[in-house]
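The file run.cif comes next; it holds mmCIF, C-alpha atoms and all ligand atoms.
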data_coords
loop_
_atom_site.label_atom_id
_atom_site.label_comp_id
_atom_site.auth_asym_id
_atom_site.auth_seq_id
_atom_site.Cartn_x
_atom_site.Cartn_y
_atom_site.Cartn_z
CA GLU A 26 8.92 8.94 -23.66
CA LYS A 27 7.33 5.96 -22.02
CA GLY A 28 10.64 4.12 -22.28
CA GLY A 29 9.23 1.52 -24.66
CA HIS A 30 6.23 0.82 -22.45
CA ARG A 31 2.70 0.91 -23.77
CA HIS A 32 1.37 2.98 -20.88
CA TRP A 33 2.73 5.31 -18.23
CA MET A 34 1.40 2.93 -15.64
CA ALA A 35 3.55 0.10 -17.03
CA LYS A 36 6.60 2.35 -17.01
CA GLU A 37 5.90 3.45 -13.45
CA ILE A 38 5.44 -0.14 -12.26
CA ALA A 39 8.74 -1.12 -13.86
CA GLU A 40 10.57 1.85 -12.35
CA GLN A 41 9.94 0.75 -8.79
CA PRO A 42 13.26 -0.99 -8.03
CA ALA A 43 15.12 2.14 -9.10
CA VAL A 44 12.96 4.75 -7.38
CA LEU A 45 12.80 2.70 -4.18
CA ASP A 46 16.58 2.46 -4.18
CA THR A 47 16.72 6.24 -4.43
CA ALA A 48 14.16 6.77 -1.68
CA LEU A 49 15.82 4.32 0.68
CA ALA A 50 19.28 5.74 0.02
CA HIS A 51 17.91 9.11 1.04
CA TYR A 52 16.68 7.87 4.42
CA ILE A 53 19.19 5.14 5.27
CA HIS A 54 22.88 5.97 5.52
CA ASP A 55 25.51 3.43 6.53
CA GLY A 56 22.81 1.14 7.81
CA ALA A 57 21.28 3.82 10.06
CA ILE A 58 18.18 6.01 9.78
CA ARG A 59 18.71 9.52 8.54
CA LEU A 60 15.84 11.95 8.27
CA PRO A 61 17.40 14.86 6.41
CA GLU A 62 14.36 17.13 6.14
CA GLY A 63 14.21 18.12 9.81
CA ASP A 64 14.02 15.56 12.55
CA VAL A 65 10.89 13.71 13.55
CA ASP A 66 11.08 12.71 17.19
CA PHE A 67 8.70 10.12 18.55
CA SER A 68 10.01 10.05 22.15
CA ASP A 69 7.13 12.01 23.66
CA VAL A 70 4.44 11.09 21.17
CA THR A 71 1.43 9.48 22.83
CA ARG A 72 -0.69 8.93 19.76
CA ILE A 73 -0.34 9.14 16.01
CA VAL A 74 -3.10 10.21 13.67
CA MET A 75 -2.65 9.41 9.99
CA VAL A 76 -4.87 10.96 7.36
CA ALA A 77 -5.01 10.50 3.58
CA CYS A 78 -7.24 9.52 0.65
CA GLY A 79 -7.31 6.54 -1.70
CA THR A 80 -4.09 4.67 -2.18
CA ALA A 81 -2.26 6.97 0.26
CA PHE A 82 -4.87 6.00 2.86
CA TYR A 83 -4.00 2.33 2.32
CA ALA A 84 -0.31 3.16 2.77
CA CYS A 85 -1.29 4.68 6.15
CA LEU A 86 -3.29 1.59 7.11
CA THR A 87 -0.23 -0.53 6.39
CA ALA A 88 1.99 1.77 8.44
CA LYS A 89 -0.37 1.39 11.39
CA TYR A 90 0.59 -2.31 11.57
CA TRP A 91 4.29 -1.43 11.52
CA ILE A 92 4.22 1.47 13.97
CA GLU A 93 2.03 -0.25 16.54
CA ARG A 94 4.03 -3.46 16.36
CA LEU A 95 7.49 -1.90 16.36
CA ALA A 96 7.03 1.17 18.53
CA GLY A 97 3.94 0.43 20.59
CA VAL A 98 2.32 3.81 19.86
CA PRO A 99 -1.43 3.77 19.14
CA VAL A 100 -2.14 4.82 15.56
CA GLU A 101 -5.47 5.99 14.19
CA VAL A 102 -5.98 6.15 10.46
CA ASP A 103 -8.75 8.11 8.81
CA VAL A 104 -9.84 9.09 5.33
CA ALA A 105 -9.44 12.82 5.03
CA SER A 106 -13.02 13.52 3.96
CA GLU A 107 -14.28 11.96 7.21
CA PHE A 108 -11.61 13.33 9.50
CA ARG A 109 -12.07 16.93 8.43
CA TYR A 110 -15.77 17.13 9.25
CA ARG A 111 -15.76 14.96 12.35
CA GLU A 112 -13.78 17.50 14.35
CA PRO A 113 -11.90 14.77 16.18
CA PRO A 114 -10.30 15.66 19.52
CA ILE A 115 -6.53 16.10 19.15
CA THR A 116 -4.98 15.35 22.52
CA ASP A 117 -1.60 16.62 23.72
CA GLY A 118 1.26 14.54 22.42
CA THR A 119 -0.47 13.73 19.13
CA LEU A 120 1.65 13.56 16.01
CA ALA A 121 -0.33 14.01 12.79
CA ILE A 122 0.97 12.41 9.59
CA PHE A 123 -0.52 13.30 6.20
CA VAL A 124 0.31 11.21 3.16
CA SER A 125 -0.29 12.49 -0.35
CA GLN A 126 1.38 11.86 -3.68
CA SER A 127 0.30 15.17 -5.20
CA GLY A 128 0.32 17.15 -1.97
CA GLU A 129 -2.73 18.98 -3.35
CA THR A 130 -5.65 16.73 -2.40
CA ALA A 131 -8.31 19.11 -1.08
CA ASP A 132 -9.64 16.92 1.72
CA THR A 133 -6.16 15.98 2.97
CA LEU A 134 -5.11 19.63 2.98
CA ALA A 135 -8.26 20.61 4.89
CA ALA A 136 -7.60 17.86 7.45
CA LEU A 137 -4.07 19.18 7.85
CA ARG A 138 -5.39 22.72 8.41
CA TYR A 139 -7.64 21.37 11.14
CA CYS A 140 -4.56 19.98 12.92
CA GLU A 141 -2.54 23.20 12.63
CA GLY A 142 -1.80 24.51 16.12
CA ARG A 143 -3.14 21.30 17.66
CA ALA A 144 -0.47 18.75 16.73
CA ARG A 145 2.96 18.52 15.19
CA ILE A 146 2.47 17.94 11.48
CA VAL A 147 4.55 15.64 9.33
CA SER A 148 3.73 15.01 5.69
CA VAL A 149 4.91 12.31 3.33
CA VAL A 150 4.63 13.70 -0.18
CA ASN A 151 5.89 13.21 -3.69
CA VAL A 152 5.63 16.83 -4.79
CA GLU A 153 7.97 18.73 -2.50
CA THR A 154 6.67 22.17 -3.46
CA SER A 155 3.04 21.20 -2.88
CA SER A 156 0.55 22.91 -0.57
CA ILE A 157 0.60 20.01 1.88
CA ALA A 158 4.41 19.97 2.01
CA ARG A 159 4.52 23.72 2.59
CA ALA A 160 1.95 23.65 5.37
CA SER A 161 3.76 20.90 7.33
CA ASP A 162 6.31 21.22 10.12
CA VAL A 163 8.32 18.52 8.39
CA ALA A 164 7.75 17.32 4.82
CA LEU A 165 9.37 14.03 3.88
CA PRO A 166 9.70 13.47 0.13
CA ILE A 167 9.08 9.99 -1.23
CA LEU A 168 11.29 10.69 -4.27
CA ALA A 169 9.21 8.57 -6.65
CA GLY A 170 9.68 10.99 -9.55
CA ARG A 171 6.72 12.32 -11.50
CA GLU A 172 3.79 9.89 -11.51
CA ILE A 173 1.56 10.34 -14.54
CA GLY A 174 -0.74 7.30 -14.56
CA VAL A 175 -3.92 8.08 -12.63
CA ALA A 176 -3.62 4.74 -10.85
CA SER A 177 -0.90 5.24 -8.28
CA THR A 178 1.85 2.59 -8.29
CA LYS A 179 5.39 3.74 -7.57
CA ALA A 180 4.13 6.46 -5.24
CA PHE A 181 2.44 3.78 -3.14
CA THR A 182 5.56 1.66 -2.67
CA CYS A 183 7.71 4.75 -2.05
CA GLN A 184 5.18 5.92 0.56
CA LEU A 185 5.45 2.51 2.21
CA ALA A 186 9.25 2.70 2.18
CA VAL A 187 9.30 6.11 3.88
CA LEU A 188 6.62 5.08 6.37
CA GLY A 189 8.61 1.91 7.10
CA VAL A 190 11.65 4.02 7.96
CA LEU A 191 9.45 6.26 10.13
CA ALA A 192 8.12 3.21 11.99
CA LEU A 193 11.69 2.14 12.73
CA LYS A 194 12.56 5.69 13.79
CA ALA A 195 9.65 5.57 16.22
CA ALA A 196 10.98 2.29 17.64
CA GLN A 197 14.46 3.78 17.91
CA ASP A 198 13.26 6.93 19.70
CA ARG A 199 11.15 4.94 22.14
CA GLY A 200 13.68 2.19 22.74
CA THR A 201 11.23 -0.56 21.85
CA LEU A 202 13.72 -2.32 19.55
CA SER A 203 17.43 -2.88 20.07
CA ALA A 204 19.95 -1.20 17.80
CA ALA A 205 20.70 -4.60 16.28
CA GLU A 206 17.02 -5.25 15.54
CA ILE A 207 16.64 -1.87 13.88
CA ARG A 208 19.74 -2.43 11.80
CA SER A 209 18.47 -5.81 10.69
CA HIS A 210 15.03 -4.46 9.69
CA LEU A 211 16.74 -1.65 7.77
CA GLU A 212 18.91 -4.18 5.98
CA ASP A 213 15.82 -6.16 5.06
CA LEU A 214 14.18 -2.99 3.76
CA THR A 215 17.14 -2.17 1.54
CA ARG A 216 16.87 -5.66 0.02
CA VAL A 217 13.28 -5.01 -1.07
CA PRO A 218 14.03 -3.21 -4.39
CA ALA A 219 15.96 -6.26 -5.65
CA LEU A 220 13.13 -8.55 -4.55
CA ILE A 221 10.68 -6.29 -6.38
CA ALA A 222 12.83 -6.65 -9.49
CA GLN A 223 12.38 -10.42 -9.13
CA ALA A 224 8.64 -10.06 -8.63
CA LEU A 225 8.45 -8.03 -11.84
CA ASN A 226 9.63 -11.15 -13.67
CA LEU A 227 6.24 -12.68 -12.90
CA GLU A 228 4.63 -10.30 -15.36
CA ASP A 229 3.94 -12.91 -18.04
CA ASP A 230 2.33 -15.31 -15.55
CA LEU A 231 0.25 -12.53 -14.05
CA SER A 232 -0.88 -11.33 -17.44
CA ASP A 233 -2.14 -14.86 -18.22
CA ILE A 234 -4.10 -14.84 -14.96
CA ALA A 235 -5.38 -11.36 -15.75
CA ARG A 236 -6.86 -12.58 -19.02
CA ASP A 237 -9.10 -14.90 -17.03
CA LEU A 238 -9.86 -12.19 -14.48
CA SER A 239 -10.98 -9.84 -17.23
CA GLU A 240 -14.04 -12.03 -17.77
CA ALA A 241 -15.26 -11.75 -14.19
CA ARG A 242 -17.97 -9.39 -13.02
CA ASP A 243 -16.88 -9.30 -9.38
CA ILE A 244 -13.50 -10.02 -7.83
CA LEU A 245 -12.59 -10.23 -4.16
CA PHE A 246 -9.18 -9.62 -2.60
CA ILE A 247 -8.32 -10.95 0.84
CA GLY A 248 -5.38 -10.67 3.19
CA ARG A 249 -4.58 -10.65 6.88
CA GLY A 250 -2.42 -8.36 9.00
CA PRO A 251 -0.49 -5.95 6.78
CA MET A 252 -1.77 -7.85 3.75
CA TYR A 253 -5.28 -6.61 4.56
CA PRO A 254 -4.58 -3.01 3.47
CA LEU A 255 -2.91 -4.47 0.40
CA ALA A 256 -6.11 -6.38 -0.40
CA LEU A 257 -7.94 -3.03 -0.26
CA GLU A 258 -5.32 -1.46 -2.50
CA GLY A 259 -5.47 -4.37 -4.98
CA ALA A 260 -9.23 -3.99 -5.23
CA LEU A 261 -9.03 -0.21 -5.68
CA LYS A 262 -6.40 -0.53 -8.40
CA LEU A 263 -8.44 -3.11 -10.27
CA LYS A 264 -11.72 -1.20 -10.13
CA GLU A 265 -10.09 2.09 -11.11
CA ILE A 266 -8.65 0.90 -14.37
CA SER A 267 -10.58 -2.24 -15.40
CA TYR A 268 -14.04 -1.11 -14.15
CA ILE A 269 -14.59 -4.58 -12.72
CA HIS A 270 -16.33 -4.51 -9.37
CA ALA A 271 -13.76 -5.49 -6.75
CA GLU A 272 -13.66 -5.41 -2.97
CA GLY A 273 -10.92 -6.07 -0.48
CA TYR A 274 -11.60 -7.76 2.84
CA ALA A 275 -9.71 -8.83 5.89
CA SER A 276 -9.64 -12.63 5.46
CA GLY A 277 -11.25 -13.15 8.83
CA GLU A 278 -14.22 -10.98 7.85
CA LEU A 279 -15.30 -13.19 4.96
CA LYS A 280 -17.54 -15.36 7.04
CA HIS A 281 -19.23 -12.30 8.50
CA GLY A 282 -20.97 -11.58 5.22
CA PRO A 283 -18.92 -11.32 2.05
CA ILE A 284 -18.57 -15.09 1.56
CA ALA A 285 -22.25 -15.03 0.57
CA LEU A 286 -21.04 -13.50 -2.71
CA VAL A 287 -18.77 -16.42 -3.54
CA ASP A 288 -19.63 -18.89 -6.26
CA ASP A 289 -17.73 -20.32 -9.21
CA SER A 290 -17.95 -17.05 -11.10
CA VAL A 291 -16.09 -15.06 -8.44
CA PRO A 292 -12.29 -15.01 -8.45
CA VAL A 293 -10.76 -14.43 -5.03
CA ILE A 294 -7.22 -13.11 -4.95
CA VAL A 295 -5.40 -14.18 -1.79
CA PHE A 296 -2.24 -12.37 -0.65
CA ALA A 297 -0.58 -14.82 1.71
CA PRO A 298 3.17 -14.83 2.24
CA SER A 299 4.30 -17.77 4.36
CA ASP A 300 4.45 -15.82 7.62
CA ASP A 301 2.90 -16.54 11.00
CA LEU A 302 -0.57 -15.59 9.69
CA PHE A 303 -0.35 -17.93 6.70
CA GLY A 304 -2.30 -20.79 8.26
CA LYS A 305 -5.18 -18.50 9.21
CA THR A 306 -5.44 -16.93 5.78
CA VAL A 307 -5.30 -20.33 4.14
CA SER A 308 -8.16 -21.65 6.20
CA ASN A 309 -10.26 -18.70 4.95
CA MET A 310 -9.12 -19.54 1.45
CA GLN A 311 -10.27 -23.12 1.86
CA GLU A 312 -13.70 -21.89 2.89
CA VAL A 313 -13.81 -19.98 -0.39
CA MET A 314 -12.71 -23.04 -2.37
CA ALA A 315 -15.32 -25.20 -0.67
CA ARG A 316 -17.94 -22.84 -2.13
CA GLY A 317 -16.54 -23.11 -5.63
CA GLY A 318 -14.69 -19.76 -5.47
CA ARG A 319 -11.79 -19.48 -7.87
CA VAL A 320 -8.73 -18.76 -5.80
CA VAL A 321 -5.66 -16.99 -7.12
CA LEU A 322 -3.06 -17.66 -4.44
CA VAL A 323 -0.18 -15.20 -4.35
CA SER A 324 2.45 -16.63 -2.03
CA ASP A 325 6.04 -17.87 -1.96
CA ALA A 326 7.51 -21.30 -2.73
CA GLN A 327 6.87 -22.54 0.79
CA GLY A 328 3.28 -21.30 0.85
CA LEU A 329 2.40 -22.69 -2.57
CA LYS A 330 3.90 -26.05 -1.70
CA ALA A 331 1.76 -26.22 1.42
CA GLN A 332 -1.39 -25.19 -0.45
CA PRO A 333 -1.64 -26.69 -3.91
CA GLY A 334 -4.91 -26.85 -5.82
CA SER A 335 -5.82 -23.21 -6.33
CA TRP A 336 -7.28 -22.06 -9.65
CA HIS A 337 -4.18 -19.98 -10.32
CA SER A 338 -1.11 -19.12 -8.32
CA ALA A 339 1.84 -16.76 -8.51
CA GLN A 340 5.10 -17.65 -6.84
CA MET A 341 6.67 -14.65 -5.18
CA PRO A 342 10.17 -14.38 -3.73
CA HIS A 343 10.21 -14.89 0.03
CA ALA A 344 9.33 -11.59 1.71
CA PRO A 345 11.38 -10.38 4.66
CA ASP A 346 9.47 -10.16 7.92
CA LEU A 347 7.60 -6.79 7.98
CA TRP A 348 8.10 -5.71 4.37
CA GLY A 349 5.73 -8.07 2.55
CA PRO A 350 3.29 -5.30 1.57
CA LEU A 351 5.97 -3.55 -0.51
CA LEU A 352 6.74 -6.72 -2.39
CA TYR A 353 3.14 -7.91 -2.81
CA ALA A 354 2.13 -4.52 -4.18
CA ILE A 355 3.76 -5.66 -7.43
CA PRO A 356 1.35 -8.53 -8.24
CA ALA A 357 -1.55 -6.33 -7.13
CA GLN A 358 -0.49 -3.68 -9.65
CA LEU A 359 0.33 -6.10 -12.46
CA LEU A 360 -2.95 -8.00 -12.10
CA ALA A 361 -4.90 -4.72 -12.30
CA TYR A 362 -2.83 -3.45 -15.19
CA HIS A 363 -3.10 -6.57 -17.33
CA THR A 364 -6.77 -7.04 -16.59
CA ALA A 365 -7.37 -3.49 -17.83
CA VAL A 366 -5.23 -4.11 -20.90
CA ALA A 367 -7.20 -7.29 -21.63
CA LYS A 368 -10.42 -5.27 -21.37
CA GLY A 369 -9.04 -2.53 -23.57
CA THR A 370 -9.75 0.33 -21.17
CA ASP A 371 -7.87 3.62 -21.04
CA VAL A 372 -5.32 2.55 -18.45
CA ASP A 373 -3.60 5.89 -17.87
CA GLN A 374 -6.75 8.03 -17.98
CA PRO A 375 -9.57 5.94 -16.55
CA ARG A 376 -13.05 7.36 -16.90
CA ASN A 377 -14.35 9.73 -14.23
CA LEU A 378 -11.01 10.01 -12.43
CA ALA A 379 -8.46 12.80 -12.07
CA LYS A 380 -4.83 12.43 -11.06
CA SER A 381 -5.15 15.03 -8.38
CA VAL A 382 -8.44 15.64 -6.59
CA THR A 383 -8.22 19.32 -5.73
CA VAL A 384 -11.93 19.79 -5.17
CA GLU A 385 -13.86 17.88 -2.56
O1 LIG B 401 -2.30 12.79 -4.43
P1 LIG B 401 -2.87 11.95 -3.33
O2 LIG B 401 -1.94 10.88 -2.87
O3 LIG B 401 -3.33 12.78 -2.15
O4 LIG B 401 -4.13 11.26 -3.95
C1 LIG B 401 -4.96 10.46 -3.17
C2 LIG B 401 -5.90 9.66 -4.03
O5 LIG B 401 -6.70 10.52 -4.82
C3 LIG B 401 -5.16 8.68 -4.94
O6 LIG B 401 -4.33 7.82 -4.23
C4 LIG B 401 -6.16 7.85 -5.76
O7 LIG B 401 -6.88 6.99 -4.93
C5 LIG B 401 -5.42 7.09 -6.86
N1 LIG B 401 -6.10 7.23 -8.11
C6 LIG B 401 -5.23 5.63 -6.54
O8 LIG B 401 -4.69 4.90 -7.57
#
Structure rendered as structure tokens:
Amino acid sequence: EKGGHRHWMAKEIAEQPAVLDTALAHYIHDGAIRLPEGDVDFSDVTRIVMVACGTAFYACLTAKYWIERLAGVPVEVDVASEFRYREPPITDGTLAIFVSQSGETADTLAALRYCEGRARIVSVVNVETSSIARASDVALPILAGREIGVASTKAFTCQLAVLGVLALKAAQDRGTLSAAEIRSHLEDLTRVPALIAQALNLEDDLSDIARDLSEARDILFIGRGPMYPLALEGALKLKEISYIHAEGYASGELKHGPIALVDDSVPVIVFAPSDDLFGKTVSNMQEVMARGGRVVLVSDAQGLKAQPGSWHSAQMPHAPDLWGPLLYAIPAQLLAYHTAVAKGTDVDQPRNLAKSVTVE
């Protein structure tokens, strides 16, 4: 039933090229955006509020980078348990987006109820019959198929894919990108599943690295720009299933405190594709190395060539502009998975956690 895999999580990680192909085919037709479940129009939107929990929250944080950059609309992202009790003002022209794999997360549903009658409500869900889907004006399925492992993997990348299409739709509606630019970003996005298939080939290398990670007590993850939310997601995934203390930071924040933690017992995972932020991230990485920190550099051929000398490295395929977080989710997941396997924890049913958090 697990298709020859030892755990559901491993099966769900491996399924990503296929489920992403399905999700993208649903939203991109003949190279153009198609939103079949009722249109989402961004023309008159003045502000977007995104609300979710856990991994879905990190998908929202990533989407903020895309939407603000591509469409120029301000995006606020909040964890549902904070949003619901803060009674935030919802101004006219606000679009509220709720992201949830299960569609049953109690805090996310309560946050949605707060927005009812105040904003147009779009949800991005895996379970199409869920409470959150039913309560939304428009519910966009991520089409990941049933996710059983408590640690979310394929739902995360499918959420990112749908949110990526939404960001491009926002740019299209607002005329902030040309038709040719949108087409080219969509083409790049449809290439991502094949690149993910290539990244999955790094599994053996990543499992070797994970064996070393499994001996650490604390692990830091850093990234910049859209790789910052991925650093948070990498840390969450690792702590959930391996029980190793892990934190994600924006690279530029290290020197504002967290670097005090770094010594030669602390691995620091760096997500740094060779994009225009590469040089900045690398200079933070060098500060870590100067303090004896053990850097695992996850980058592409160009990046690794420019920055030899890390403790470990993983060579990723080159990520298309914008879509790096989808691709770099794979090493984040595989490092967490193999670290947990090396520690012998219950990967699919980690202690104290439930797949769907239906009580607050
Ligand atoms: O079903 P949801 O997407 O609303 O769930 C949100 C979180 O509970 C969930 O992402 C959780 O953080 C996962 N265990 C992460 O791997």
Applying 9 Å and only C-alpha atoms, which residues near Tyr362 (chain A) remain after dropping the ones on its own chain fewer than 3 positions away? List them as a PDB file with C-alpha atoms, in the frame of the given file.
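selection_20.pdb was written with the following content:
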ATOM      1  CA  MET A  34       1.400   2.930 -15.640  1.00  0.00           C
ATOM      2  CA  ALA A  35       3.550   0.100 -17.030  1.00  0.00           C
ATOM      3  CA  SER A 232      -0.880 -11.330 -17.440  1.00  0.00           C
ATOM      4  CA  ALA A 235      -5.380 -11.360 -15.750  1.00  0.00           C
ATOM      5  CA  LYS A 262      -6.400  -0.530  -8.400  1.00  0.00           C
ATOM      6  CA  LEU A 263      -8.440  -3.110 -10.270  1.00  0.00           C
ATOM      7  CA  ILE A 266      -8.650   0.900 -14.370  1.00  0.00           C
ATOM      8  CA  SER A 267     -10.580  -2.240 -15.400  1.00  0.00           C
ATOM      9  CA  ALA A 357      -1.550  -6.330  -7.130  1.00  0.00           C
ATOM     10  CA  GLN A 358      -0.490  -3.680  -9.650  1.00  0.00           C
ATOM     11  CA  LEU A 359       0.330  -6.100 -12.460  1.00  0.00           C
ATOM     12  CA  ALA A 365      -7.370  -3.490 -17.830  1.00  0.00           C
ATOM     13  CA  VAL A 366      -5.230  -4.110 -20.900  1.00  0.00           C
ATOM     14  CA  ALA A 367      -7.200  -7.290 -21.630  1.00  0.00           C
ATOM     15  CA  VAL A 372      -5.320   2.550 -18.450  1.00  0.00           C
TER      16      VAL A 372
END
Who sits within 12 Å of Ile244 (chain A), all atoms listed in the file, same chain under 4 positions skipped, as an MDAnalysis selection string: chainID A and resid 235 237:240 256:257 259:264 267:274 283:284 286:295 318:321 360:361 364
Atom pair CA of Thr370 (chain A) / CA of Gly28 (chain A): separation (Å):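 CA of Thr370 (chain A) sits 20.8 Å away from CA of Gly28 (chain A).
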6 Å shell around ligand LIG 401 (chain B) using only C-alpha atoms and all ligand atoms, listed as a PyMOL selection string: chain A and resi 78-81+125-128+130+175-177+262+381-382
Distance in Å - CA of Lys194 (chain A) versus CA of Glu258 (chain A): 25.2 Å
